[in-house]
>>> print(open('run02.pdb').read())   # PDB, C-alpha atoms
ATOM      1  CA  MET A   1      14.612  61.736-113.687
ATOM      2  CA  LYS A   2      17.743  60.428-115.319
ATOM      3  CA  LYS A   3      17.079  59.589-118.934
ATOM      4  CA  ASN A   4      18.649  56.145-118.834
ATOM      5  CA  ASN A   5      16.346  54.713-116.159
ATOM      6  CA  ARG A   6      13.298  55.761-118.199
ATOM      7  CA  PHE A   7      14.530  53.780-121.230
ATOM      8  CA  LEU A   8      14.158  49.989-121.331
ATOM      9  CA  LYS A   9      15.513  48.099-124.326
ATOM     10  CA  PHE A  10      14.604  44.562-125.407
ATOM     11  CA  VAL A  11      15.326  42.270-128.367
ATOM     12  CA  ILE A  12      12.576  39.795-129.251
ATOM     13  CA  ASN A  13      13.626  36.141-129.185
ATOM     14  CA  ASP A  14      11.872  32.977-130.308
ATOM     15  CA  ASN A  15      10.134  32.367-126.979
ATOM     16  CA  ASP A  16       8.709  35.867-126.504
ATOM     17  CA  LYS A  17       5.051  36.797-126.850
ATOM     18  CA  ARG A  18       4.072  38.214-130.214
ATOM     19  CA  THR A  19       2.165  41.398-129.426
ATOM     20  CA  VAL A  20       3.538  44.418-127.562
ATOM     21  CA  ARG A  21       0.996  44.142-124.748
ATOM     22  CA  ARG A  22       1.562  40.423-124.145
ATOM     23  CA  PHE A  23       5.326  40.910-124.363
ATOM     24  CA  LEU A  24       5.230  43.653-121.715
ATOM     25  CA  VAL A  25       3.087  41.501-119.416
ATOM     26  CA  GLN A  26       5.598  38.682-119.935
ATOM     27  CA  HIS A  27       8.277  41.097-118.724
ATOM     28  CA  LYS A  28       6.391  41.839-115.505
ATOM     29  CA  PHE A  29       4.671  45.085-116.426
ATOM     30  CA  SER A  30       1.684  45.407-114.086
ATOM     31  CA  SER A  31      -1.729  46.660-115.176
ATOM     32  CA  SER A  32      -0.955  50.037-113.597
ATOM     33  CA  GLN A  33       2.328  50.204-115.503
ATOM     34  CA  LEU A  34       0.523  49.492-118.753
ATOM     35  CA  HIS A  35      -2.034  52.179-117.900
ATOM     36  CA  ASN A  36       0.733  54.706-117.259
ATOM     37  CA  LEU A  37       2.445  53.842-120.537
ATOM     38  CA  LYS A  38      -0.783  54.383-122.451
ATOM     39  CA  ASN A  39      -2.215  57.403-120.650
ATOM     40  CA  LYS A  40       0.596  59.277-118.900
ATOM     41  CA  GLY A  41       3.149  60.011-121.556
ATOM     42  CA  GLY A  42       4.878  56.678-122.015
ATOM     43  CA  GLN A  43       6.000  55.533-125.448
ATOM     44  CA  ILE A  44       6.777  52.259-127.223
ATOM     45  CA  PHE A  45       9.046  51.982-130.238
ATOM     46  CA  VAL A  46       9.627  48.881-132.361
ATOM     47  CA  ASN A  47      12.616  49.136-134.700
ATOM     48  CA  HIS A  48      12.678  52.916-134.101
ATOM     49  CA  ARG A  49       9.012  53.470-135.025
ATOM     50  CA  GLN A  50       6.360  54.283-132.435
ATOM     51  CA  ARG A  51       3.813  51.479-132.036
ATOM     52  CA  HIS A  52       0.670  50.595-130.055
ATOM     53  CA  PHE A  53      -0.061  47.706-127.666
ATOM     54  CA  ASN A  54      -1.583  45.453-130.332
ATOM     55  CA  PHE A  55       1.332  45.714-132.746
ATOM     56  CA  GLY A  56       2.700  42.322-133.812
ATOM     57  CA  LEU A  57       6.304  41.381-133.024
ATOM     58  CA  LYS A  58       8.763  39.025-134.689
ATOM     59  CA  THR A  59      12.084  37.522-133.676
ATOM     60  CA  GLY A  60      14.905  40.052-133.795
ATOM     61  CA  ASP A  61      12.706  43.124-133.378
ATOM     62  CA  GLU A  62      14.177  45.825-131.137
ATOM     63  CA  VAL A  63      11.727  47.233-128.607
ATOM     64  CA  LEU A  64      12.340  50.497-126.760
ATOM     65  CA  VAL A  65      10.007  51.369-123.870
ATOM     66  CA  VAL A  66      10.067  54.960-122.628
ATOM     67  CA  LEU A  67       8.494  55.070-119.185
ATOM     68  CA  SER A  68       6.183  57.943-118.339
ATOM     69  CA  ASN A  69       7.449  60.827-116.245
ATOM     70  CA  GLU A  70       6.619  60.593-112.550
ATOM     71  CA  LYS A  71       5.341  63.514-110.508
ATOM     72  CA  PRO A  72       6.652  63.359-106.929
ATOM     73  CA  SER A  73       4.043  63.581-104.184
ATOM     74  CA  ASP A  74       4.006  66.628-101.940
ATOM     75  CA  LEU A  75       3.065  64.467 -98.948
ATOM     76  CA  ILE A  76       6.731  63.734 -98.201
ATOM     77  CA  GLU A  77       8.778  66.863 -97.603
ATOM     78  CA  PRO A  78      12.482  66.770 -98.555
ATOM     79  CA  MET A  79      14.726  67.184 -95.502
ATOM     80  CA  ARG A  80      18.494  67.312 -95.631
ATOM     81  CA  GLY A  81      20.542  64.921 -93.568
ATOM     82  CA  PRO A  82      23.029  62.049 -93.824
ATOM     83  CA  VAL A  83      22.172  59.101 -96.086
ATOM     84  CA  ASP A  84      24.509  56.093 -95.795
ATOM     85  CA  VAL A  85      24.381  54.621 -99.310
ATOM     86  CA  ILE A  86      25.327  50.935 -99.588
ATOM     87  CA  PHE A  87      24.349  50.434-103.236
ATOM     88  CA  GLU A  88      22.977  52.675-105.968
ATOM     89  CA  ASP A  89      22.346  52.491-109.691
ATOM     90  CA  ASP A  90      19.720  53.846-112.068
ATOM     91  CA  TYR A  91      17.016  51.598-110.616
ATOM     92  CA  LEU A  92      17.736  50.952-106.923
ATOM     93  CA  LEU A  93      18.964  52.789-103.855
ATOM     94  CA  VAL A  94      19.931  50.720-100.802
ATOM     95  CA  ILE A  95      20.745  52.611 -97.626
ATOM     96  CA  ASN A  96      21.871  51.741 -94.097
ATOM     97  CA  LYS A  97      19.291  53.161 -91.683
ATOM     98  CA  PRO A  98      20.486  54.165 -88.216
ATOM     99  CA  PRO A  99      18.343  53.333 -85.177
ATOM    100  CA  GLY A 100      15.958  55.953 -83.855
ATOM    101  CA  ILE A 101      14.522  57.191 -87.153
ATOM    102  CA  ALA A 102      11.306  56.016 -88.805
ATOM    103  CA  SER A 103      11.097  54.736 -92.361
ATOM    104  CA  LEU A 104       8.087  56.834 -93.387
ATOM    105  CA  PRO A 105       6.244  59.809 -91.893
ATOM    106  CA  ALA A 106       3.315  59.004 -89.617
ATOM    107  CA  LYS A 107       0.510  61.334 -88.632
ATOM    108  CA  ALA A 108       1.252  60.874 -84.943
ATOM    109  CA  ARG A 109       4.910  61.870 -85.260
ATOM    110  CA  ASP A 110       6.787  64.824 -86.678
ATOM    111  CA  GLY A 111      10.419  65.099 -87.680
ATOM    112  CA  LYS A 112      12.753  63.517 -90.172
ATOM    113  CA  THR A 113      12.262  60.036 -91.548
ATOM    114  CA  MET A 114      14.377  58.093 -94.022
ATOM    115  CA  ALA A 115      11.846  58.915 -96.759
ATOM    116  CA  ASN A 116      12.360  62.655 -96.149
ATOM    117  CA  LEU A 117      16.140  62.268 -96.226
ATOM    118  CA  VAL A 118      16.125  60.112 -99.366
ATOM    119  CA  LYS A 119      13.864  62.578-101.172
ATOM    120  CA  ALA A 120      16.303  65.427-100.453
ATOM    121  CA  TYR A 121      19.213  63.190-101.514
ATOM    122  CA  LEU A 122      17.561  62.451-104.881
ATOM    123  CA  ILE A 123      16.675  66.090-105.480
ATOM    124  CA  ALA A 124      20.305  67.084-104.824
ATOM    125  CA  LYS A 125      21.327  64.618-107.555
ATOM    126  CA  ASN A 126      18.713  66.045-109.936
ATOM    127  CA  GLU A 127      16.897  62.712-110.086
ATOM    128  CA  ASN A 128      13.257  61.714-109.894
ATOM    129  CA  SER A 129      12.356  62.246-106.235
ATOM    130  CA  SER A 130       9.245  60.069-106.118
ATOM    131  CA  ILE A 131       9.575  57.856-103.057
ATOM    132  CA  HIS A 132       9.188  54.138-103.802
ATOM    133  CA  LEU A 133       9.876  52.372-100.500
ATOM    134  CA  VAL A 134      10.347  48.636-101.078
ATOM    135  CA  THR A 135      11.331  47.511 -97.570
ATOM    136  CA  ARG A 136      10.832  49.329 -94.303
ATOM    137  CA  LEU A 137      12.254  48.921 -90.815
ATOM    138  CA  ASP A 138      10.831  49.759 -87.407
ATOM    139  CA  ARG A 139      11.993  53.076 -85.947
ATOM    140  CA  ASP A 140      14.402  51.358 -83.542
ATOM    141  CA  THR A 141      15.616  48.648 -85.918
ATOM    142  CA  SER A 142      18.750  49.484 -87.892
ATOM    143  CA  GLY A 143      20.128  48.255 -91.179
ATOM    144  CA  LEU A 144      19.458  47.885 -94.875
ATOM    145  CA  MET A 145      16.447  49.473 -96.579
ATOM    146  CA  VAL A 146      15.598  49.387-100.280
ATOM    147  CA  PHE A 147      14.126  52.203-102.356
ATOM    148  CA  ALA A 148      13.234  51.874-106.044
ATOM    149  CA  LYS A 149      13.943  54.823-108.331
ATOM    150  CA  THR A 150      11.005  54.239-110.681
ATOM    151  CA  SER A 151       7.531  52.793-110.305
ATOM    152  CA  TYR A 152       8.489  50.058-112.778
ATOM    153  CA  ALA A 153      11.497  48.975-110.696
ATOM    154  CA  HIS A 154       9.254  49.097-107.619
ATOM    155  CA  SER A 155       6.728  46.820-109.326
ATOM    156  CA  LEU A 156       9.452  44.334-110.298
ATOM    157  CA  LEU A 157      10.845  44.246-106.746
ATOM    158  CA  ASP A 158       7.386  43.768-105.232
ATOM    159  CA  GLN A 159       6.953  40.661-107.370
ATOM    160  CA  ILE A 160      10.076  39.001-105.925
ATOM    161  CA  LEU A 161       9.923  40.449-102.408
ATOM    162  CA  HIS A 162       9.068  37.207-100.592
ATOM    163  CA  THR A 163      10.941  34.807-102.871
ATOM    164  CA  GLU A 164      14.474  33.434-102.933
ATOM    165  CA  ASP A 165      15.366  36.254-105.339
ATOM    166  CA  PHE A 166      15.000  38.720-102.444
ATOM    167  CA  GLN A 167      16.472  37.350 -99.221
ATOM    168  CA  LYS A 168      16.582  39.403 -95.998
ATOM    169  CA  PHE A 169      18.854  38.505 -93.086
ATOM    170  CA  TYR A 170      18.904  40.082 -89.624
ATOM    171  CA  LEU A 171      21.108  39.867 -86.533
ATOM    172  CA  ALA A 172      19.480  39.876 -83.097
ATOM    173  CA  MET A 173      20.856  39.549 -79.576
ATOM    174  CA  ILE A 174      18.925  37.633 -76.929
ATOM    175  CA  ASP A 175      19.427  36.580 -73.336
ATOM    176  CA  GLY A 176      19.911  32.832 -72.970
ATOM    177  CA  GLN A 177      20.570  30.117 -75.540
ATOM    178  CA  ILE A 178      17.946  28.662 -77.837
ATOM    179  CA  ASN A 179      17.643  24.896 -78.126
ATOM    180  CA  PRO A 180      17.752  23.698 -80.873
ATOM    181  CA  LYS A 181      20.411  26.093 -82.093
ATOM    182  CA  GLN A 182      18.634  26.553 -85.400
ATOM    183  CA  GLY A 183      15.170  26.025 -86.712
ATOM    184  CA  LEU A 184      11.944  27.437 -88.159
ATOM    185  CA  ILE A 185       9.447  29.537 -86.226
ATOM    186  CA  ASP A 186       6.077  29.025 -87.920
ATOM    187  CA  LEU A 187       3.436  30.959 -85.979
ATOM    188  CA  PRO A 188       0.601  33.109 -87.403
ATOM    189  CA  ILE A 189       0.699  36.814 -86.532
ATOM    190  CA  GLY A 190      -2.243  39.177 -86.087
ATOM    191  CA  ILE A 191      -3.028  42.591 -84.630
ATOM    192  CA  ASP A 192      -3.271  42.827 -80.852
ATOM    193  CA  PRO A 193      -6.936  43.643 -80.116
ATOM    194  CA  GLN A 194      -5.811  45.675 -77.093
ATOM    195  CA  ALA A 195      -3.283  47.822 -78.979
ATOM    196  CA  PHE A 196      -3.352  48.292 -82.772
ATOM    197  CA  TYR A 197       0.396  49.032 -82.949
ATOM    198  CA  ARG A 198       1.352  45.689 -81.371
ATOM    199  CA  ARG A 199       1.259  42.243 -82.916
ATOM    200  CA  VAL A 200       0.423  38.893 -81.314
ATOM    201  CA  ILE A 201       0.356  35.214 -82.166
ATOM    202  CA  ASP A 202      -3.181  34.661 -83.440
ATOM    203  CA  TYR A 203      -4.104  31.106 -84.454
ATOM    204  CA  LYS A 204      -7.642  32.088 -85.513
ATOM    205  CA  ASN A 205      -7.218  35.268 -87.576
ATOM    206  CA  GLY A 206      -3.448  35.681 -87.912
ATOM    207  CA  LYS A 207      -1.540  35.548 -91.190
ATOM    208  CA  GLU A 208       0.984  32.823 -91.949
ATOM    209  CA  SER A 209       4.408  33.967 -90.696
ATOM    210  CA  LYS A 210       7.697  32.079 -90.971
ATOM    211  CA  THR A 211      11.157  32.952 -89.672
ATOM    212  CA  LEU A 212      14.308  30.857 -89.979
ATOM    213  CA  TYR A 213      16.854  31.289 -87.183
ATOM    214  CA  LYS A 214      20.300  29.992 -86.346
ATOM    215  CA  THR A 215      22.726  30.713 -83.523
ATOM    216  CA  VAL A 216      25.924  32.338 -84.809
ATOM    217  CA  ALA A 217      27.595  33.113 -81.456
ATOM    218  CA  HIS A 218      27.257  32.051 -77.822
ATOM    219  CA  TYR A 219      28.101  34.318 -74.888
ATOM    220  CA  PRO A 220      28.113  33.321 -71.194
ATOM    221  CA  LYS A 221      24.427  34.170 -70.725
ATOM    222  CA  ALA A 222      23.302  35.310 -74.162
ATOM    223  CA  SER A 223      23.343  34.565 -77.899
ATOM    224  CA  LEU A 224      23.664  36.259 -81.274
ATOM    225  CA  LEU A 225      21.136  34.978 -83.799
ATOM    226  CA  GLU A 226      20.896  35.258 -87.560
ATOM    227  CA  LEU A 227      17.301  35.357 -88.796
ATOM    228  CA  LYS A 228      15.929  35.028 -92.304
ATOM    229  CA  LEU A 229      12.449  36.286 -93.097
ATOM    230  CA  LEU A 230      10.342  33.976 -95.242
ATOM    231  CA  THR A 231       7.309  36.241 -94.862
ATOM    232  CA  GLY A 232       7.115  39.952 -94.149
ATOM    233  CA  ARG A 233       4.752  40.680 -91.264
ATOM    234  CA  THR A 234       4.951  43.782 -89.076
ATOM    235  CA  HIS A 235       7.266  43.154 -86.073
ATOM    236  CA  GLN A 236       7.650  39.543 -87.253
ATOM    237  CA  ILE A 237      11.055  38.747 -85.751
ATOM    238  CA  ARG A 238      10.263  40.563 -82.516
ATOM    239  CA  VAL A 239       6.938  38.744 -82.071
ATOM    240  CA  HIS A 240       8.314  35.326 -83.026
ATOM    241  CA  LEU A 241      11.300  35.460 -80.676
ATOM    242  CA  SER A 242       9.123  36.710 -77.840
ATOM    243  CA  ALA A 243       6.592  33.940 -78.494
ATOM    244  CA  ILE A 244       9.200  31.206 -78.041
ATOM    245  CA  GLY A 245      10.503  32.782 -74.843
ATOM    246  CA  TYR A 246      13.539  34.687 -76.154
ATOM    247  CA  PRO A 247      12.581  38.351 -76.709
ATOM    248  CA  ILE A 248      15.247  40.573 -78.234
ATOM    249  CA  ILE A 249      17.384  42.418 -75.716
ATOM    250  CA  GLY A 250      16.081  45.982 -75.331
ATOM    251  CA  ASP A 251      12.678  45.247 -76.883
ATOM    252  CA  ASP A 252      10.511  46.575 -74.052
ATOM    253  CA  MET A 253       7.341  46.328 -76.181
ATOM    254  CA  TYR A 254       7.558  42.538 -76.354
ATOM    255  CA  SER A 255       9.709  41.705 -73.344
ATOM    256  CA  GLY A 256       7.751  43.941 -70.962
ATOM    257  CA  LYS A 257      10.856  45.456 -69.414
ATOM    258  CA  LYS A 258      13.466  48.127 -69.992
ATOM    259  CA  ASP A 259      17.095  47.084 -70.441
ATOM    260  CA  GLN A 260      19.985  49.207 -69.186
ATOM    261  CA  ARG A 261      22.431  47.726 -71.702
ATOM    262  CA  ILE A 262      20.869  49.207 -74.852
ATOM    263  CA  SER A 263      18.170  51.809 -75.472
ATOM    264  CA  ARG A 264      16.346  49.949 -78.262
ATOM    265  CA  GLN A 265      15.777  46.423 -79.567
ATOM    266  CA  ALA A 266      19.086  44.852 -80.590
ATOM    267  CA  LEU A 267      17.929  44.043 -84.135
ATOM    268  CA  HIS A 268      19.789  44.899 -87.335
ATOM    269  CA  CYS A 269      19.118  44.048 -91.001
ATOM    270  CA  TYR A 270      22.686  43.248 -91.993
ATOM    271  CA  ASN A 271      22.436  41.389 -95.310
ATOM    272  CA  LEU A 272      20.279  41.516 -98.445
ATOM    273  CA  ARG A 273      20.710  39.117-101.345
ATOM    274  CA  ILE A 274      18.730  40.411-104.303
ATOM    275  CA  VAL A 275      18.586  39.342-107.924
ATOM    276  CA  HIS A 276      18.538  42.772-109.572
ATOM    277  CA  PRO A 277      15.157  43.006-111.325
ATOM    278  CA  VAL A 278      16.569  44.704-114.428
ATOM    279  CA  THR A 279      20.216  43.639-114.811
ATOM    280  CA  LYS A 280      19.699  40.175-113.196
ATOM    281  CA  GLU A 281      22.979  40.659-111.277
ATOM    282  CA  LEU A 282      23.081  39.030-107.816
ATOM    283  CA  LEU A 283      23.537  41.771-105.225
ATOM    284  CA  ASN A 284      24.995  40.636-101.895
ATOM    285  CA  LEU A 285      24.764  43.748 -99.739
ATOM    286  CA  LYS A 286      25.875  44.097 -96.123
ATOM    287  CA  ALA A 287      25.716  46.716 -93.384
ATOM    288  CA  PRO A 288      28.023  46.492 -90.345
ATOM    289  CA  LEU A 289      26.651  46.339 -86.810
ATOM    290  CA  PRO A 290      25.943  49.827 -85.467
ATOM    291  CA  LYS A 291      27.936  51.145 -82.527
ATOM    292  CA  ASP A 292      25.328  50.412 -79.841
ATOM    293  CA  MET A 293      25.109  46.733 -80.834
ATOM    294  CA  VAL A 294      28.919  46.443 -80.998
ATOM    295  CA  ILE A 295      29.078  47.786 -77.437
ATOM    296  CA  LEU A 296      26.296  45.409 -76.348
ATOM    297  CA  LYS A 297      28.170  42.468 -77.871
ATOM    298  CA  GLY A 298      31.193  43.393 -75.749
ATOM    299  CA  VAL A 299      29.023  43.532 -72.630
ATOM    300  CA  LEU A 300      27.545  40.119 -73.411
ATOM    301  CA  ARG A 301      31.045  38.714 -73.854
ATOM    302  CA  GLY A 302      31.883  39.945 -70.366
ATOM    303  CA  GLU A 303      34.260  42.684 -71.460
ATOM    304  CA  ARG A 304      34.466  45.583 -69.023
ATOM    305  CA  ASN A 305      32.421  48.578 -70.293
ATOM    306  CA  GLY A 306      31.745  46.666 -73.498
TER
END
>>> encode(input="run02.pdb", output="structure tokens")
Amino acid sequence: MKKNNRFLKFVINDNDKRTVRRFLVQHKFSSSQLHNLKNKGGQIFVNHRQRHFNFGLKTGDEVLVVLSNEKPSDLIEPMRGPVDVIFEDDYLLVINKPPGIASLPAKARDGKTMANLVKAYLIAKNENSSIHLVTRLDRDTSGLMVFAKTSYAHSLLDQILHTEDFQKFYLAMIDGQINPKQGLIDLPIGIDPQAFYRRVIDYKNGKESKTLYKTVAHYPKASLLELKLLTGRTHQIRVHLSAIGYPIIGDDMYSGKKDQRISRQALHCYNLRIVHPVTKELLNLKAPLPKDMVILKGVLRGERNG
């Protein structure tokens, strides 16, 4: 692991908590992070002297936290392959996932996933290769995915994942034109009792699920929608659009039919707006439409051969 993403530096101000433990909790250290600091080789220094969790702090004190080393799991095998990096620093890695590749390995499937590729990418850079997947995409959904480079950064991102500090925007293509052109889909989602891998609208046992949508382009018989996730349920956008009568083009699981115009659901995570959990910088990250959706857009416009 790079040295600089294991070191976290703070200066105590008037509003900070006055013991090391309470200060770390104030700065979003989880109970597991505190456990790792205490029991797995982490260290805490105050004004260049090593201290314990109960040590008292005063304004102006300099605190250095050295995160514990992480041991990568053997469950994810490194596999070489292309990784389209959109943003990277000592804490985050944001990549543009192509369609047709899963986010994580599954027992029922073999072959490369983005986790395998990212692990090999990190090893090649001589960095910590522990996989901390923050956001995942369905195998046939393309676009932006976020990996954290340390468990601490992962914990910080998890705490803002469904807030305005972590906004996820998708583009989807549908047949027809939604009326009204923009709105909120607020329908609870649960597991399909007939097929565990599918999701359904379930008013009795489903979890609250909210998706904002707006029409960004009209075509003669179709539309391009921008969707913002307010919750993060499995297949949320696909289920919500299907439920209101506008399944995504190519989504045979929820439309019930194959589409000759594209070989997968026309869904792409194109924009992430994240307040960086360490630097507090606003990241506005974008991934262009992949080739198959560009071709589909041409077809929907009525252009010959897309």
>>> residues_around(input="run02.pdb", residues="range 183-191 of chain A", least_positions_apart="6", cutoff="6 Å", atoms="only C-alpha atoms", output="list of chain:residue names")
A:Arg199, A:Val200, A:Ile201, A:Asp202, A:Tyr203, A:Gly206, A:Lys207, A:Glu208, A:Ser209, A:Lys210, A:Thr211, A:Leu212, A:Tyr213
>>> residues_near_point(input="run02.pdb", point="(19.8, 35.7, -82.7)", cutoff="8 Å", atoms="only C-alpha atoms", output="ChimeraX atom specification")
/A:171-174,213-216,223-227
>>> atom_distance(input="run02.pdb", atom1="CA of Phe166 in chain A", atom2="CA of Arg273 in chain A")
5.8 Å
>>> closest_residue(input="run02.pdb", among="A:Ala222, A:Val46, A:Met114, A:Val134", to="Pro82 in chain A", atoms="only C-alpha atoms")
A:Met114
>>> closest_residue(input="run02.pdb", among="A:Asp16, A:Asp74, A:Asp90, A:Asp259", to="Tyr152 in chain A", atoms="all atoms listed in the file")
A:Asp90
>>> closest_residue(input="run02.pdb", among="A:Leu282, A:Met79, A:Leu289, A:Val85", to="Ala115 in chain A", atoms="only C-alpha atoms")
A:Met79
>>> closest_residue(input="run02.pdb", among="A:Ser142, A:Ser129, A:Ala153, A:Lys257", to="Gln33 in chain A", atoms="all atoms listed in the file")
A:Ala153
>>> resolve_selection(input="run02.pdb", expression="the PyMOL selection byres ((chain A and resi 56-60) around 6)", output="number ranges by chain")
A: 11-14, 18-19, 55, 61
>>> atom_distance(input="run02.pdb", atom1="CA of Leu156 in chain A", atom2="CA of Val25 in chain A")
11.5 Å
>>> closest_residue(input="run02.pdb", among="A:Lys258, A:Arg233, A:Thr141, A:Asn69", to="Asp292 in chain A", atoms="all atoms listed in the file")
A:Thr141
>>> resolve_selection(input="run02.pdb", expression="the PyMOL selection byres ((chain A and resi 229) around 6)", output="PDB file with C-alpha atoms, in the coordinates of the input")
ATOM      1  CA  LYS A 168      16.582  39.403 -95.998  1.00  0.00           C
ATOM      2  CA  THR A 211      11.157  32.952 -89.672  1.00  0.00           C
ATOM      3  CA  LYS A 228      15.929  35.028 -92.304  1.00  0.00           C
ATOM      4  CA  LEU A 230      10.342  33.976 -95.242  1.00  0.00           C
ATOM      5  CA  THR A 231       7.309  36.241 -94.862  1.00  0.00           C
TER       6      THR A 231
END
>>> build_atoms(input="run02.pdb", residues="range 43-55 of chain A", atoms="N, CA and C atoms", output="compact mmCIF listing (two decimals), keeping the file's coordinate frame")
# COMPACT_ATOMS: atom_id res chain seq x y z
N GLN A 43 5.92 55.80 -124.01
CA GLN A 43 6.00 55.53 -125.45
C GLN A 43 6.62 54.16 -125.68
N ILE A 44 6.23 53.56 -126.82
CA ILE A 44 6.78 52.26 -127.22
C ILE A 44 7.23 52.36 -128.67
N PHE A 45 8.49 51.98 -128.88
CA PHE A 45 9.05 51.98 -130.24
C PHE A 45 9.47 50.56 -130.61
N VAL A 46 9.16 50.16 -131.82
CA VAL A 46 9.63 48.88 -132.36
C VAL A 46 10.43 49.20 -133.61
N ASN A 47 11.71 48.82 -133.59
CA ASN A 47 12.62 49.14 -134.70
C ASN A 47 12.56 50.63 -135.05
N HIS A 48 12.59 51.44 -134.00
CA HIS A 48 12.68 52.92 -134.10
C HIS A 48 11.39 53.59 -134.58
N ARG A 49 10.29 52.85 -134.66
CA ARG A 49 9.01 53.47 -135.02
C ARG A 49 8.02 53.29 -133.88
N GLN A 50 7.30 54.35 -133.54
CA GLN A 50 6.36 54.28 -132.44
C GLN A 50 5.20 53.35 -132.78
N ARG A 51 4.86 52.48 -131.79
CA ARG A 51 3.81 51.48 -132.04
C ARG A 51 2.83 51.44 -130.86
N HIS A 52 1.71 50.72 -131.07
CA HIS A 52 0.67 50.60 -130.06
C HIS A 52 0.73 49.20 -129.43
N PHE A 53 -0.10 48.96 -128.42
CA PHE A 53 -0.06 47.71 -127.67
C PHE A 53 -0.38 46.47 -128.51
N ASN A 54 -1.17 46.62 -129.54
CA ASN A 54 -1.58 45.45 -130.33
C ASN A 54 -0.65 45.16 -131.51
N PHE A 55 0.42 45.91 -131.62
CA PHE A 55 1.33 45.71 -132.75
C PHE A 55 2.00 44.34 -132.65
